[in-house]
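To start, the structure itself, in structure tokens.
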Amino acid sequence: MPEFRFEPVQMPPAATRLRAEVRGFLDEEKAKGTFAPTVGAMVAADPSFSARLGARGYLGMTWPKQYGGHERSALERYVVVEELLAAGAPVMAHWIADRQSGPQILKHGAERVKKMILPEIASGRCFFAIGMSEPDTGSDLASVKTRAVPVEGGFRVTGRKVWTSYAHMAHYVIALVRTGGRPEDRHVGLTQLIVDMKSPGIEVRPIINVYGAHEFNEVAFDDVFVPEDMSVGGIGNGWAMVTSELAFERSGPDRFMSTYPLLVEAFREIGESPNASEAAELGRLVAHLATLRRMSTSIAGMLNEGKSPVTEAALVKDLGTTFEQSIPEITRRLLPLEPRGGGNGQAYDGLQQLAQMQAPCYSIRGGTREILRGMIARGLGLR
Amino acid sequence: MSNETEDAGVRHLMLRSLDRIVEEKAENAAQAADGKPGFPVDLWSALEEAGMTALGEENEGDLGLGNAMALVERAAYHTLPVPLAETILARRLLAKAGIEIPDGALSMAPPSAIRDGKATGVPWASSVTSVVTTTAPDTLALIDAREAASSGFNMAGEPRETIDLGRARIVASAKLADAAKIVEAEGALVRAVQMSGAMSRVLEHGLTWANDRIQFGRPIARFQAIQHLMAELAAEAAAGSAAALMAVEAVAERSDRLAIAIAKARTGEAAGRVCAIAHEVFGAMGFTQEHTLHYATRRLWSWRNEFGSEVQWQAEIGRAIAAGGADSLWATLTAHG
């Protein structure tokens, strides 16, 4: 039977020094007022903040130096990422590029493309969006209709992508397109193409979300030219690329820390002497968080050793998003919004409202809870 | 590194040897012992001969807390009706206090259940040679309670007896700072580890069942509703096991009450969900005395209450963080890497 052991990882001494360094940087930033902690992990974007992270060597951390990276361990990167999330820092501008697009290009991109793009990502000046979903394609990714037709020196792309987070800020989008076959052919004939957002024929239209923010977009491609060497992993390998990419992004701290800043504010509001039920409710959340962090760092260790813990990662995302969704639900029972207002409660009140409205997206983005449970079931030998 | 490899090898051999003992002597032990006083003496002797009952001492030749807890976890997976966890723990506590360790099976009294001259919920009190208890918050004592115990059981039919402390004979006692708190915490640690073992048994049992049971012409594992339930069960069991493992390492390295609190809180919560889902998946079949599922689920329901329920430990965590201030939370979570 499958057994899931989340063995300990030993954080290298360099990671401990790095943690102190990142905290120092974040304290300075907060003191300068460059950001106020927010919930959502991956929703607040500030390109200048991303550039400052790049300048400090906090992006592309594990990549080779020849591509602008810093050749640090995955565990050191983990420390930086979790410190940024714990602080509620505005990391969204560079997030996709640093977390998944860059690593994908490093592993499967053409040499020219790696040299052109990776140093820019590592400097915090180049951002990516993910073009997977379409109007008729959500969880069922293999049904994409956006087409790329071979032409002299490359492809011409035509189609429509939706829910494309931060496409309006991105320099490139990695689009999953059909280079062969028909939508009925499913996994066959799919390719991932890196599309320059400045290319003629691209139109970005905002899609405003439930809480009134402009985070995602519709991206229309009308006969957009993409050079031949801008594929990731070669022509026809799009499905393998997409699935490995999603597996990598599922176990990180961004899958359970989205509402962490709200938990901190709830502790602040409740103060140093909680009553029994406040203590138990908050303590329960801490127990969950500590456990998730253990599972997530353990997976980081497995990935570092070249293992491929796909089911474990799905377990973390399922537990993690359920946890981050529960923080607003539980804290609002302890600290209701209605009779409060003003005073010390302002940070709490704002985060509480935003977290409640934002929470549904946590178990949708990066693979819905239902898709993940199906993957876990496969890992358990039930399908 | 070679020490670690050697240690993993020792652990593997020890666990396989426990599996063999279970196969030969204890296939139906949980059923035979259910709700009866005493414990299977043959099985205990086999464990003793294999050197599995004396792992917890803090002296030379000690195989270490990690190995001891791996064994406790495996014994719980097998739902063995013996005071193995209690004996290992009692030996650890006696070693801490510098009290000479007697031979044979031992037990310990949960400090929070000692009042009005009585210790309640004491595992196997009348059948073990001695019981570790606290006679004051900072005094650890070893008592012989065989003539002073009255019968009782937890939900799993494991002996949980009441000792009339006035009638028990004190064998030895010694000062140990925070003795009562230490016994409570270490008891919680072993129950968390045991729950991890029992949850992995329930998961394994459930997976086999879902693949074997045919309804509507196909194994129920083919139904998405069942798949999603089992996925949730696996996730909760994995979280519980991760929390327990984390606490064992923390306690082996340093005194870490918070890690134990986290482990007992998380495994206790997971246990409730794991049992509920398993019984849902097994349907009426699993709800009978005849079926074996309940040997694990009734233990989980019992153990999550013993040495402090998850709510008590959750509250302790909440109070500890609150007392340090909101901004201490992150520093606490990341204090040990």
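Numbering starts fresh at 1 for the residues of each chain in the structure tokens, the chains themselves are lettered A, B, ... in the order given, and ligands are numbered from 1 as they appear.
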May I have a table of the residues of chain A lying at most 7 Å from chain B, giving each one's closest pair of atoms and their distance in Å to one decimal, counting only C-alpha atoms, ordered by chain and ascending residue number, as a tab-separated table?
```
residue	atom	partner	partner_atom	distance
A:Met1	CA	B:Glu204	CA	6.5
A:Phe4	CA	B:Ala238	CA	6.1
A:Phe6	CA	B:Ala242	CA	5.6
A:Met11	CA	B:Gly337	CA	5.6
A:Val264	CA	B:Ala326	CA	5.5
A:Phe267	CA	B:Ala326	CA	5.0
A:Arg268	CA	B:Ala326	CA	5.0
A:Gly271	CA	B:Ala322	CA	6.3
A:Glu272	CA	B:Ala323	CA	4.6
A:Ser273	CA	B:Ala322	CA	6.6
A:Pro274	CA	B:Arg319	CA	6.5
A:Ala276	CA	B:Ala315	CA	6.4
A:Ala279	CA	B:Gly318	CA	4.2
A:Ala280	CA	B:Ala315	CA	3.7
A:Leu282	CA	B:Gly318	CA	5.3
A:Gly283	CA	B:Gly318	CA	3.8
A:Arg284	CA	B:Gln314	CA	5.0
A:Ala287	CA	B:Ile262	CA	4.7
A:His288	CA	B:Arg266	CA	6.6
A:Ala290	CA	B:Leu333	CA	6.4
A:Thr291	CA	B:Ala243	CA	5.4
A:Met295	CA	B:Ala242	CA	6.6
A:Leu315	CA	B:Ala235	CA	5.5
A:Leu319	CA	B:Ala235	CA	6.8
A:Arg373	CA	B:His228	CA	5.5
A:Gly374	CA	B:His228	CA	6.8
A:Ile376	CA	B:Ala231	CA	5.6
A:Ala377	CA	B:Gln227	CA	5.4
A:Leu382	CA	B:Ala221	CA	5.3
A:Arg383	CA	B:Arg222	CA	6.3
```
Next on the checklist: What's around region 20-27 of chain B at 10 Å? Count only C-alpha atoms, leave out sequence neighbours fewer than 4 positions away in its own chain, and write the answer as a PyMOL selection string.
Outcome noted: chain B and resi 14-16+31-32+40+42-44+46-47+50+75+78-81
Checklist entry - What is the distance between CA of Thr135 (chain B) and CA of Arg299 (chain B), in Å to one decimal? => result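 Value for the CA of Thr135 (chain B)-CA of Arg299 (chain B) distance: 28.6 Å.
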Item to check | Backbone DSSP call of helix (DSSP H, G or I) for region 114-198 of chain A, listed as a list in words | outcome: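 Filtering region 114-198 of chain A down to helix (DSSP H, G or I) leaves Lys114, Lys115, Met116, Ile117, Leu118, Pro119, Glu120, Ile121, Ala122, Leu141, Ala142, Ser143, Pro183, Glu184 and Asp185 of chain A.
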Checklist entry - Which one is closest to Pro206 (chain A): A:Val310, A:Gly88, A:Asp185, A:His168? Count only C-alpha atoms. => result A:His168
Next on the checklist: Write out as a ChimeraX atom specification the set of residues from region 108-256 of chain B that DSSP, computed on the backbone, places in strand (DSSP E or B).
Outcome noted: /B:108,114-115,118-123,130-136,139-144,149-150,153,159-164,169-175,214-215,218-219
Item to check | Selected residue, from B:Pro123, B:Pro110, B:Pro102, B:Gly157, that lies nearest to Leu142 (chain B) when counting only C-alpha atoms | outcome: B:Pro102
Checklist entry - Which polymer residues have any atom within 12 Å of an atom of Ala51 (chain A), counting only C-alpha atoms, with same-chain residues fewer than 6 positions away left out, as a VMD selection string? => result chain A and resid 45 57 to 59 90 to 95 120 to 127
Grab the residues selected above and save them as a short mmCIF file (atom, residue, chain, number, x, y, z; two decimals), in the first residue's frame with all heavy atoms.
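What follows is the written file out-v2.cif:
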```cif
data_model
loop_
_atom_site.label_atom_id
_atom_site.label_comp_id
_atom_site.auth_asym_id
_atom_site.auth_seq_id
_atom_site.Cartn_x
_atom_site.Cartn_y
_atom_site.Cartn_z
N ALA A 45 0.63 42.73 -6.45
CA ALA A 45 1.77 42.85 -7.35
C ALA A 45 2.39 44.23 -7.25
O ALA A 45 1.68 45.23 -7.17
CB ALA A 45 1.32 42.58 -8.79
N GLY A 57 19.17 39.16 -5.15
CA GLY A 57 19.48 37.75 -5.44
C GLY A 57 18.43 36.79 -4.93
O GLY A 57 18.71 35.62 -4.71
N TYR A 58 17.19 37.26 -4.75
CA TYR A 58 16.14 36.40 -4.21
C TYR A 58 15.27 35.77 -5.30
O TYR A 58 14.27 35.12 -5.00
CB TYR A 58 15.25 37.18 -3.25
CG TYR A 58 15.96 37.65 -1.99
CD1 TYR A 58 15.43 38.69 -1.22
CD2 TYR A 58 17.14 37.05 -1.56
CE1 TYR A 58 16.07 39.11 -0.06
CE2 TYR A 58 17.79 37.48 -0.41
CZ TYR A 58 17.25 38.51 0.33
OH TYR A 58 17.88 38.94 1.48
N LEU A 59 15.61 36.00 -6.56
CA LEU A 59 14.84 35.38 -7.65
C LEU A 59 15.78 34.51 -8.49
O LEU A 59 16.98 34.78 -8.57
CB LEU A 59 14.19 36.46 -8.53
CG LEU A 59 13.26 37.44 -7.79
CD1 LEU A 59 12.69 38.46 -8.78
CD2 LEU A 59 12.13 36.70 -7.10
N PRO A 90 4.04 41.94 -1.48
CA PRO A 90 3.43 41.95 -2.83
C PRO A 90 4.31 41.25 -3.84
O PRO A 90 5.13 41.87 -4.51
CB PRO A 90 3.32 43.45 -3.14
CG PRO A 90 4.45 44.06 -2.37
CD PRO A 90 4.68 43.23 -1.15
N VAL A 91 4.14 39.96 -3.98
CA VAL A 91 5.06 39.14 -4.75
C VAL A 91 4.53 38.69 -6.11
O VAL A 91 5.22 38.01 -6.86
CB VAL A 91 5.46 37.87 -3.96
CG1 VAL A 91 6.27 38.25 -2.72
CG2 VAL A 91 4.22 37.08 -3.55
N MET A 92 3.29 39.08 -6.42
CA MET A 92 2.65 38.45 -7.57
C MET A 92 3.32 38.77 -8.90
O MET A 92 3.30 37.96 -9.82
CB MET A 92 1.17 38.83 -7.62
CG MET A 92 0.41 38.15 -8.73
SD MET A 92 0.50 36.33 -8.65
CE MET A 92 0.24 35.91 -10.37
N ALA A 93 3.90 39.95 -9.03
CA ALA A 93 4.44 40.34 -10.35
C ALA A 93 5.40 39.26 -10.88
O ALA A 93 5.27 38.80 -12.00
CB ALA A 93 5.13 41.69 -10.26
N HIS A 94 6.31 38.82 -10.05
CA HIS A 94 7.34 37.88 -10.52
C HIS A 94 7.01 36.43 -10.20
O HIS A 94 7.77 35.54 -10.55
CB HIS A 94 8.68 38.22 -9.85
CG HIS A 94 8.67 37.93 -8.37
ND1 HIS A 94 8.31 38.86 -7.44
CD2 HIS A 94 8.91 36.78 -7.68
CE1 HIS A 94 8.35 38.31 -6.23
NE2 HIS A 94 8.70 37.04 -6.34
N TRP A 95 5.90 36.18 -9.49
CA TRP A 95 5.68 34.87 -8.86
C TRP A 95 5.69 33.70 -9.83
O TRP A 95 6.38 32.71 -9.64
CB TRP A 95 4.37 34.91 -8.06
CG TRP A 95 4.29 33.85 -7.00
CD1 TRP A 95 3.53 32.73 -7.03
CD2 TRP A 95 5.00 33.83 -5.76
NE1 TRP A 95 3.72 32.00 -5.88
CE2 TRP A 95 4.61 32.65 -5.09
CE3 TRP A 95 5.93 34.67 -5.16
CZ2 TRP A 95 5.11 32.30 -3.83
CZ3 TRP A 95 6.42 34.33 -3.91
CH2 TRP A 95 6.01 33.16 -3.27
N GLU A 120 16.71 37.95 -17.15
CA GLU A 120 15.71 39.01 -16.94
C GLU A 120 14.76 38.64 -15.80
O GLU A 120 14.40 39.48 -14.97
CB GLU A 120 14.91 39.24 -18.23
CG GLU A 120 15.67 39.98 -19.30
CD GLU A 120 15.99 41.40 -18.87
OE1 GLU A 120 15.04 42.18 -18.64
OE2 GLU A 120 17.19 41.73 -18.73
N ILE A 121 14.34 37.37 -15.76
CA ILE A 121 13.46 36.92 -14.67
C ILE A 121 14.20 37.06 -13.34
O ILE A 121 13.67 37.59 -12.36
CB ILE A 121 13.03 35.45 -14.86
CG1 ILE A 121 12.16 35.30 -16.11
CG2 ILE A 121 12.25 34.96 -13.63
CD1 ILE A 121 11.71 33.86 -16.38
N ALA A 122 15.45 36.61 -13.32
CA ALA A 122 16.22 36.63 -12.08
C ALA A 122 16.45 38.06 -11.59
O ALA A 122 16.62 38.30 -10.39
CB ALA A 122 17.55 35.90 -12.26
N SER A 123 16.45 39.01 -12.51
CA SER A 123 16.65 40.40 -12.09
C SER A 123 15.35 41.03 -11.59
O SER A 123 15.34 42.16 -11.12
CB SER A 123 17.21 41.22 -13.25
OG SER A 123 16.18 41.47 -14.20
N GLY A 124 14.24 40.30 -11.72
CA GLY A 124 12.97 40.84 -11.24
C GLY A 124 12.35 41.84 -12.19
O GLY A 124 11.52 42.66 -11.78
N ARG A 125 12.74 41.77 -13.46
CA ARG A 125 12.19 42.72 -14.41
C ARG A 125 11.39 42.05 -15.52
O ARG A 125 10.95 42.71 -16.46
CB ARG A 125 13.33 43.55 -15.04
CG ARG A 125 13.94 44.56 -14.07
CD ARG A 125 14.88 45.50 -14.80
NE ARG A 125 15.96 44.78 -15.45
CZ ARG A 125 17.18 44.61 -14.91
NH1 ARG A 125 17.46 45.15 -13.75
NH2 ARG A 125 18.10 43.94 -15.56
N CYS A 126 11.20 40.75 -15.42
CA CYS A 126 10.49 40.04 -16.48
C CYS A 126 9.46 39.11 -15.85
O CYS A 126 9.80 38.25 -15.03
CB CYS A 126 11.50 39.24 -17.31
SG CYS A 126 10.73 38.16 -18.52
N PHE A 127 8.19 39.33 -16.23
CA PHE A 127 7.09 38.60 -15.58
C PHE A 127 6.36 37.71 -16.59
O PHE A 127 6.31 38.01 -17.78
CB PHE A 127 6.12 39.60 -14.94
CG PHE A 127 6.81 40.63 -14.10
CD1 PHE A 127 6.45 41.98 -14.17
CD2 PHE A 127 7.85 40.27 -13.24
CE1 PHE A 127 7.10 42.93 -13.40
CE2 PHE A 127 8.50 41.23 -12.46
CZ PHE A 127 8.13 42.56 -12.55
#
```
Next on the checklist: Need the shell around Arg255 (chain A): protein/DNA/RNA residues with any atom at most 9 Å away, counting only C-alpha atoms. Skip same-chain ones fewer than 4 positions apart. Format as a list in words?
Outcome noted: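 In the requested format, the answer is Ala41, Glu249, Arg250, Ser251, Val316, Lys317, Asp318, Leu319, Gly320, Thr321, Glu324, Tyr362 and Ser363 of chain A.
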